[in-house]
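Q: Enclosed is the structure file start22.cif (mmCIF, C-alpha atoms and all ligand atoms).
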data_query
loop_
_atom_site.group_PDB
_atom_site.id
_atom_site.type_symbol
_atom_site.label_atom_id
_atom_site.label_comp_id
_atom_site.auth_asym_id
_atom_site.auth_seq_id
_atom_site.Cartn_x
_atom_site.Cartn_y
_atom_site.Cartn_z
ATOM 1 C CA MET A 1 207.305 70.877 7.297
ATOM 2 C CA SER A 2 206.781 69.719 3.778
ATOM 3 C CA ASN A 3 203.446 68.388 2.772
ATOM 4 C CA ALA A 4 202.427 65.582 0.520
ATOM 5 C CA SER A 5 201.182 67.825 -2.251
ATOM 6 C CA GLY A 6 204.454 69.749 -2.294
ATOM 7 C CA ASN A 7 206.227 66.524 -2.864
ATOM 8 C CA ALA A 8 203.864 65.231 -5.488
ATOM 9 C CA SER A 9 205.623 67.165 -8.225
ATOM 10 C CA SER A 10 209.009 65.589 -7.496
ATOM 11 C CA THR A 11 209.640 62.205 -8.977
ATOM 12 C CA VAL A 12 211.595 59.347 -7.497
ATOM 13 C CA GLU A 13 214.364 60.178 -9.964
ATOM 14 C CA ASP A 14 214.635 63.683 -8.468
ATOM 15 C CA ARG A 15 214.847 62.368 -4.968
ATOM 16 C CA ILE A 16 217.475 59.671 -5.258
ATOM 17 C CA ASP A 17 221.163 60.362 -4.810
ATOM 18 C CA LYS A 18 222.729 59.783 -8.223
ATOM 19 C CA SER A 19 225.974 58.622 -6.623
ATOM 20 C CA GLU A 20 224.192 55.544 -5.350
ATOM 21 C CA THR A 21 224.838 52.637 -7.615
ATOM 22 C CA ALA A 22 222.271 50.110 -8.588
ATOM 23 C CA PRO A 23 222.565 46.812 -6.742
ATOM 24 C CA PHE A 24 222.644 44.914 -9.995
ATOM 25 C CA ASP A 25 223.372 45.378 -13.658
ATOM 26 C CA PRO A 26 221.236 48.248 -14.974
ATOM 27 C CA GLY A 27 220.629 46.247 -18.116
ATOM 28 C CA ASP A 28 218.639 43.831 -16.027
ATOM 29 C CA GLN A 29 215.869 46.105 -14.940
ATOM 30 C CA SER A 30 213.051 43.698 -15.379
ATOM 31 C CA PRO A 31 211.699 42.892 -11.949
ATOM 32 C CA GLN A 32 211.814 39.283 -11.026
ATOM 33 C CA PRO A 33 208.534 38.377 -9.483
ATOM 34 C CA GLY A 34 208.440 35.517 -7.054
ATOM 35 C CA PRO A 35 206.128 32.607 -7.530
ATOM 36 C CA ASP A 36 203.571 34.168 -5.201
ATOM 37 C CA SER A 37 203.548 37.545 -6.831
ATOM 38 C CA GLY A 38 200.963 39.007 -9.101
ATOM 39 C CA SER A 39 202.763 42.346 -9.211
ATOM 40 C CA PRO A 40 206.419 43.089 -9.882
ATOM 41 C CA HIS A 41 206.292 45.848 -7.242
ATOM 42 C CA GLN A 42 206.402 44.168 -3.910
ATOM 43 C CA THR A 43 206.855 45.850 -0.568
ATOM 44 C CA PRO A 44 209.480 43.926 1.431
ATOM 45 C CA ARG A 45 208.221 41.251 3.785
ATOM 46 C CA TRP A 46 207.337 42.193 7.344
ATOM 47 C CA ARG A 47 210.430 40.660 8.916
ATOM 48 C CA THR A 48 212.659 42.614 6.561
ATOM 49 C CA LEU A 49 210.684 45.795 7.197
ATOM 50 C CA MET A 50 210.783 45.432 10.971
ATOM 51 C CA PHE A 51 214.476 44.522 11.074
ATOM 52 C CA ARG A 52 215.410 47.517 8.943
ATOM 53 C CA GLY A 53 213.113 49.785 10.931
ATOM 54 C CA ALA A 54 214.505 48.612 14.265
ATOM 55 C CA THR A 55 218.082 49.167 13.083
ATOM 56 C CA ARG A 56 217.536 52.692 11.738
ATOM 57 C CA ALA A 57 217.663 51.729 8.065
ATOM 58 C CA CYS A 58 215.294 52.661 5.265
ATOM 59 C CA PRO A 59 212.541 50.021 5.516
ATOM 60 C CA ALA A 60 212.146 49.906 1.753
ATOM 61 C CA CYS A 61 215.748 49.440 0.593
ATOM 62 C CA GLY A 62 217.860 48.994 3.747
ATOM 63 C CA LYS A 63 219.925 52.147 3.195
ATOM 64 C CA ARG A 64 221.712 53.275 6.355
ATOM 65 C CA GLY A 65 223.183 56.568 7.478
ATOM 66 C CA LEU A 66 219.868 58.406 7.243
ATOM 67 C CA PHE A 67 220.571 60.563 10.268
ATOM 68 C CA GLY A 68 224.222 61.536 10.486
ATOM 69 C CA TRP A 69 224.551 63.178 13.887
ATOM 70 C CA LYS A 70 220.995 64.420 13.913
ATOM 71 C CA VAL A 71 217.980 62.762 15.479
ATOM 72 C CA THR A 72 215.734 63.707 12.562
ATOM 73 C CA ILE A 73 215.642 61.536 9.482
ATOM 74 C CA VAL A 74 216.453 62.914 6.017
ATOM 75 C CA GLU A 75 213.398 63.849 3.956
ATOM 76 C CA ASP A 76 213.998 61.349 1.176
ATOM 77 C CA CYS A 77 215.964 58.127 1.067
ATOM 78 C CA PRO A 78 219.102 58.864 -0.985
ATOM 79 C CA ARG A 79 219.045 55.351 -2.459
ATOM 80 C CA CYS A 80 215.449 54.405 -3.272
ATOM 81 C CA GLY A 81 213.925 57.881 -3.197
ATOM 82 C CA LEU A 82 211.248 57.040 -0.644
ATOM 83 C CA HIS A 83 209.763 60.209 0.822
ATOM 84 C CA PHE A 84 209.613 59.209 4.489
ATOM 85 C CA GLU A 85 206.760 61.525 5.409
ATOM 86 C CA ARG A 86 204.399 59.449 3.300
ATOM 87 C CA ILE A 87 201.287 61.349 4.288
ATOM 88 C CA GLU A 88 200.593 64.533 6.205
ATOM 89 C CA GLY A 89 200.865 63.699 9.892
ATOM 90 C CA HIS A 90 202.979 60.592 9.258
ATOM 91 C CA TRP A 91 205.313 61.357 12.165
ATOM 92 C CA ILE A 92 202.554 61.426 14.766
ATOM 93 C CA GLY A 93 202.860 57.641 14.803
ATOM 94 C CA ALA A 94 206.596 57.879 15.515
ATOM 95 C CA ILE A 95 205.963 60.304 18.369
ATOM 96 C CA GLY A 96 203.337 57.964 19.793
ATOM 97 C CA MET A 97 205.706 55.021 19.513
ATOM 98 C CA ASN A 98 208.488 56.980 21.195
ATOM 99 C CA THR A 99 206.146 57.997 24.022
ATOM 100 C CA ILE A 100 205.084 54.404 24.659
ATOM 101 C CA PHE A 101 208.672 53.112 24.642
ATOM 102 C CA SER A 102 209.818 55.936 26.907
ATOM 103 C CA PHE A 103 207.073 55.209 29.447
ATOM 104 C CA PHE A 104 208.051 51.576 29.317
ATOM 105 C CA MET A 105 211.707 52.451 29.989
ATOM 106 C CA ILE A 106 210.783 54.672 32.944
ATOM 107 C CA MET A 107 208.654 51.891 34.384
ATOM 108 C CA LEU A 108 211.434 49.380 33.856
ATOM 109 C CA THR A 109 213.920 51.715 35.546
ATOM 110 C CA LEU A 110 211.658 52.087 38.563
ATOM 111 C CA ILE A 111 210.892 48.382 38.822
ATOM 112 C CA VAL A 112 214.548 47.344 38.525
ATOM 113 C CA GLY A 113 215.545 50.095 40.973
ATOM 114 C CA LEU A 114 212.914 49.121 43.522
ATOM 115 C CA VAL A 115 213.547 45.386 43.280
ATOM 116 C CA SER A 116 217.327 45.670 43.445
ATOM 117 C CA THR A 117 217.338 48.004 46.453
ATOM 118 C CA PHE A 118 214.550 46.347 48.450
ATOM 119 C CA PRO A 119 213.785 47.116 51.252
ATOM 120 C CA ASP A 120 215.812 50.333 51.622
ATOM 121 C CA PHE A 121 214.689 52.351 48.608
ATOM 122 C CA PRO A 122 216.908 55.323 47.809
ATOM 123 C CA VAL A 123 213.922 57.468 46.835
ATOM 124 C CA LYS A 124 215.829 60.572 45.806
ATOM 125 C CA GLU A 125 218.247 58.670 43.572
ATOM 126 C CA LEU A 126 215.461 56.644 41.998
ATOM 127 C CA VAL A 127 213.450 59.761 41.201
ATOM 128 C CA LEU A 128 216.471 61.548 39.736
ATOM 129 C CA PHE A 129 217.458 58.539 37.661
ATOM 130 C CA SER A 130 213.908 58.146 36.348
ATOM 131 C CA ILE A 131 213.819 61.813 35.372
ATOM 132 C CA ALA A 132 217.122 61.377 33.528
ATOM 133 C CA VAL A 133 215.692 58.386 31.652
ATOM 134 C CA ALA A 134 212.543 60.381 30.851
ATOM 135 C CA ILE A 135 214.651 63.122 29.277
ATOM 136 C CA ILE A 136 217.388 61.138 27.555
ATOM 137 C CA HIS A 137 215.479 58.114 26.261
ATOM 138 C CA PRO A 138 213.062 59.973 23.946
ATOM 139 C CA ILE A 139 215.993 61.793 22.326
ATOM 140 C CA LEU A 140 218.109 58.681 21.847
ATOM 141 C CA PHE A 141 215.170 56.616 20.646
ATOM 142 C CA GLN A 142 213.819 59.219 18.223
ATOM 143 C CA PRO A 143 215.741 57.970 15.142
ATOM 144 C CA THR A 144 214.694 54.370 15.745
ATOM 145 C CA ALA A 145 211.108 55.484 16.346
ATOM 146 C CA GLN A 146 211.105 57.173 12.944
ATOM 147 C CA THR A 147 212.413 54.227 10.916
ATOM 148 C CA LEU A 148 210.420 51.708 12.954
ATOM 149 C CA TRP A 149 207.218 53.662 12.489
ATOM 150 C CA SER A 150 207.920 53.960 8.768
ATOM 151 C CA ALA A 151 208.257 50.165 8.676
ATOM 152 C CA VAL A 152 204.975 49.690 10.539
ATOM 153 C CA ASP A 153 203.307 52.194 8.220
ATOM 154 C CA MET A 154 204.627 50.253 5.217
ATOM 155 C CA LEU A 155 203.115 47.080 6.634
ATOM 156 C CA MET A 156 199.727 48.754 6.732
ATOM 157 C CA ARG A 157 200.002 50.720 3.495
ATOM 158 C CA LYS A 158 202.045 49.009 0.816
ATOM 159 C CA LEU A 159 204.420 51.029 -1.325
ATOM 160 C CA GLU A 160 202.832 52.713 -4.330
ATOM 161 C CA PRO A 161 204.322 51.850 -7.741
ATOM 162 C CA ASN A 162 205.707 55.383 -8.187
ATOM 163 C CA GLU A 163 206.826 55.854 -4.590
ATOM 164 C CA VAL A 164 210.299 54.315 -4.838
ATOM 165 C CA ASP A 165 212.908 53.335 -7.379
ATOM 166 C CA TRP A 166 212.109 49.632 -7.502
ATOM 167 C CA ARG A 167 215.578 48.661 -8.665
ATOM 168 C CA PHE A 168 216.669 49.215 -5.065
ATOM 169 C CA VAL A 169 213.719 47.509 -3.456
ATOM 170 C CA SER A 170 214.476 44.094 -4.814
ATOM 171 C CA ARG A 171 212.774 41.216 -3.158
ATOM 172 C CA LYS A 172 214.003 37.721 -3.414
ATOM 173 C CA PRO A 173 211.418 35.286 -4.655
ATOM 174 C CA ILE A 174 209.653 33.406 -1.931
ATOM 175 C CA ARG A 175 209.964 29.682 -2.001
ATOM 176 C CA LYS A 176 206.399 28.669 -1.500
ATOM 177 C CA ARG A 177 205.812 25.994 1.059
ATOM 178 C CA GLN A 178 204.567 22.892 -0.650
ATOM 179 C CA LYS A 179 201.131 22.074 0.549
ATOM 180 C CA SER A 180 201.002 18.449 1.447
ATOM 181 C CA THR A 181 197.721 17.375 0.025
ATOM 182 C CA PRO A 182 196.659 13.815 0.522
HETATM 183 ZN ZN ZN A 201 215.425 53.586 0.745
#
As structure tokens - that is how I would like this structure written.

A:
Amino acid sequence: MSNASGNASSTVEDRIDKSETAPFDPGDQSPQPGPDSGSPHQTPRWRTLMFRGATRACPACGKRGLFGWKVTIVEDCPRCGLHFERIEGHWIGAIGMNTIFSFFMIMLTLIVGLVSTFPDFPVKELVLFSIAVAIIHPILFQPTAQTLWSAVDMLMRKLEPNEVDWRFVSRKPIRKRQKSTP
């Protein structure tokens, strides 16, 4: 397991995959702050973060294919250079999230099984099926738990200026709602 201090020496430039191309003309590297922004470095909005997290993409830049055939995420995002294990113990949150979702799925399995077979419950089959869910669900959900937890973490702790390559974390300006003042 790599730790945060081991990663501190590597820069975003080291971490990104050079084959990735910038989403816009490299000549235009000046960030375009939205009307609500004081800083050019803005963490994506929560809806964007949660959508990307729930669909196994990098929450910061939306890069996909972070897993291949494995259930463990790559260390760094090949596009924006985000080091996913942002702090020591980062993945404990993902494990917790996976545990909660897995319990929920087991409960759902039991409830649906009991309701649909009422009043003659096939106890043995229900128990076996629940055990299968308890084993398979945490494995299948693990990748989503990792990206989703990273998104939640990013909601709580915004991206640091030197944490990602900001060219890939572009954020469209927000159109501020006009306050209707009398
Ligand atoms: Zn990324």

Q: Check what the PyMOL selection byres (((chain A and resi 151) around 10) and not hetatm) selects in the file above and give those residues as a compact mmCIF listing (two decimals) with C-alpha atoms, in the frame of the given file.

A:
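New file expr.txt:
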# COMPACT_ATOMS: atom_id res chain seq x y z
CA PRO A 44 209.48 43.93 1.43
CA TRP A 46 207.34 42.19 7.34
CA ARG A 47 210.43 40.66 8.92
CA THR A 48 212.66 42.61 6.56
CA LEU A 49 210.68 45.80 7.20
CA MET A 50 210.78 45.43 10.97
CA PHE A 51 214.48 44.52 11.07
CA ARG A 52 215.41 47.52 8.94
CA GLY A 53 213.11 49.78 10.93
CA ALA A 54 214.50 48.61 14.26
CA ALA A 57 217.66 51.73 8.06
CA CYS A 58 215.29 52.66 5.26
CA PRO A 59 212.54 50.02 5.52
CA ALA A 60 212.15 49.91 1.75
CA ALA A 145 211.11 55.48 16.35
CA GLN A 146 211.10 57.17 12.94
CA THR A 147 212.41 54.23 10.92
CA LEU A 148 210.42 51.71 12.95
CA TRP A 149 207.22 53.66 12.49
CA SER A 150 207.92 53.96 8.77
CA VAL A 152 204.98 49.69 10.54
CA ASP A 153 203.31 52.19 8.22
CA MET A 154 204.63 50.25 5.22
CA LEU A 155 203.12 47.08 6.63
CA MET A 156 199.73 48.75 6.73
CA ARG A 157 200.00 50.72 3.50

Q: Check which residues fall inside 7 Å of ligand ZN 201 (chain A) when counting only C-alpha atoms and all ligand atoms, and print them as a PyMOL selection string.

A: chain A and resi 58-63+77-82

Q: Quick one: of A:Val74, A:Asp120, A:Met105, A:Glu160, who's nearest to Ile135 (chain A), counting only C-alpha atoms?

A: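 Closest to Ile135 (chain A) of all the choices is A:Met105.
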
Q: Give the padded box for region 56-61 of chain A as lines of an AutoDock Vina configuration file: axis-aligned, covering all atoms listed in the file, 8 Å on each side, centre and edge lengths in Å to one decimal.

A:
center_x = 214.9
center_y = 51.1
center_z = 6.2
size_x = 21.5
size_y = 19.3
size_z = 27.1

Q: Written as a list in words, what is the full residue list that the PyMOL selection byres (((chain A and resi 103) around 12) and not hetatm) yields on the file shown?

A: Gly96, Met97, Asn98, Thr99, Ile100, Phe101, Ser102, Phe104, Met105, Ile106, Met107, Leu108, Thr109, Leu110, Ser130, Ile131, Val133, Ala134, Ile135, His137 and Pro138 of chain A

Q: Work out how far apart CA of Leu140 (chain A) and CA of His90 (chain A) are and give it in Å to one decimal.

A: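 Computing the Euclidean distance for CA of Leu140 (chain A) and CA of His90 (chain A) yields 19.8 Å.
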
Q: Distance CA of Phe67 (chain A)-CA of Gly89 (chain A), one decimal place?

A: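 We find that CA of Phe67 (chain A) and CA of Gly89 (chain A) lie 20.0 Å from each other.
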
Q: Find the distance between CA of Thr11 (chain A) and CA of Gly65 (chain A) and write it in Å to one decimal.

A: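 Between CA of Thr11 (chain A) and CA of Gly65 (chain A) the gap works out to 22.0 Å.
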
Q: Is it possible to get the residues within 9 Å of (219.0, 52.3, 20.1) (coordinates as in the file, counting only C-alpha atoms) written as a list in words?

A: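 Protein, DNA and RNA residues close to (219.0, 52.3, 20.1): Ala54, Thr55, Arg56, Leu140, Phe141, Gln142, Pro143 and Thr144 of chain A.
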
Q: Pick the closest to Leu114 (chain A) from A:Val127, A:Ile92, A:Glu163, A:Thr72: which is it, counting only C-alpha atoms?

A: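 Under the stated criterion, the closest residue is A:Val127.
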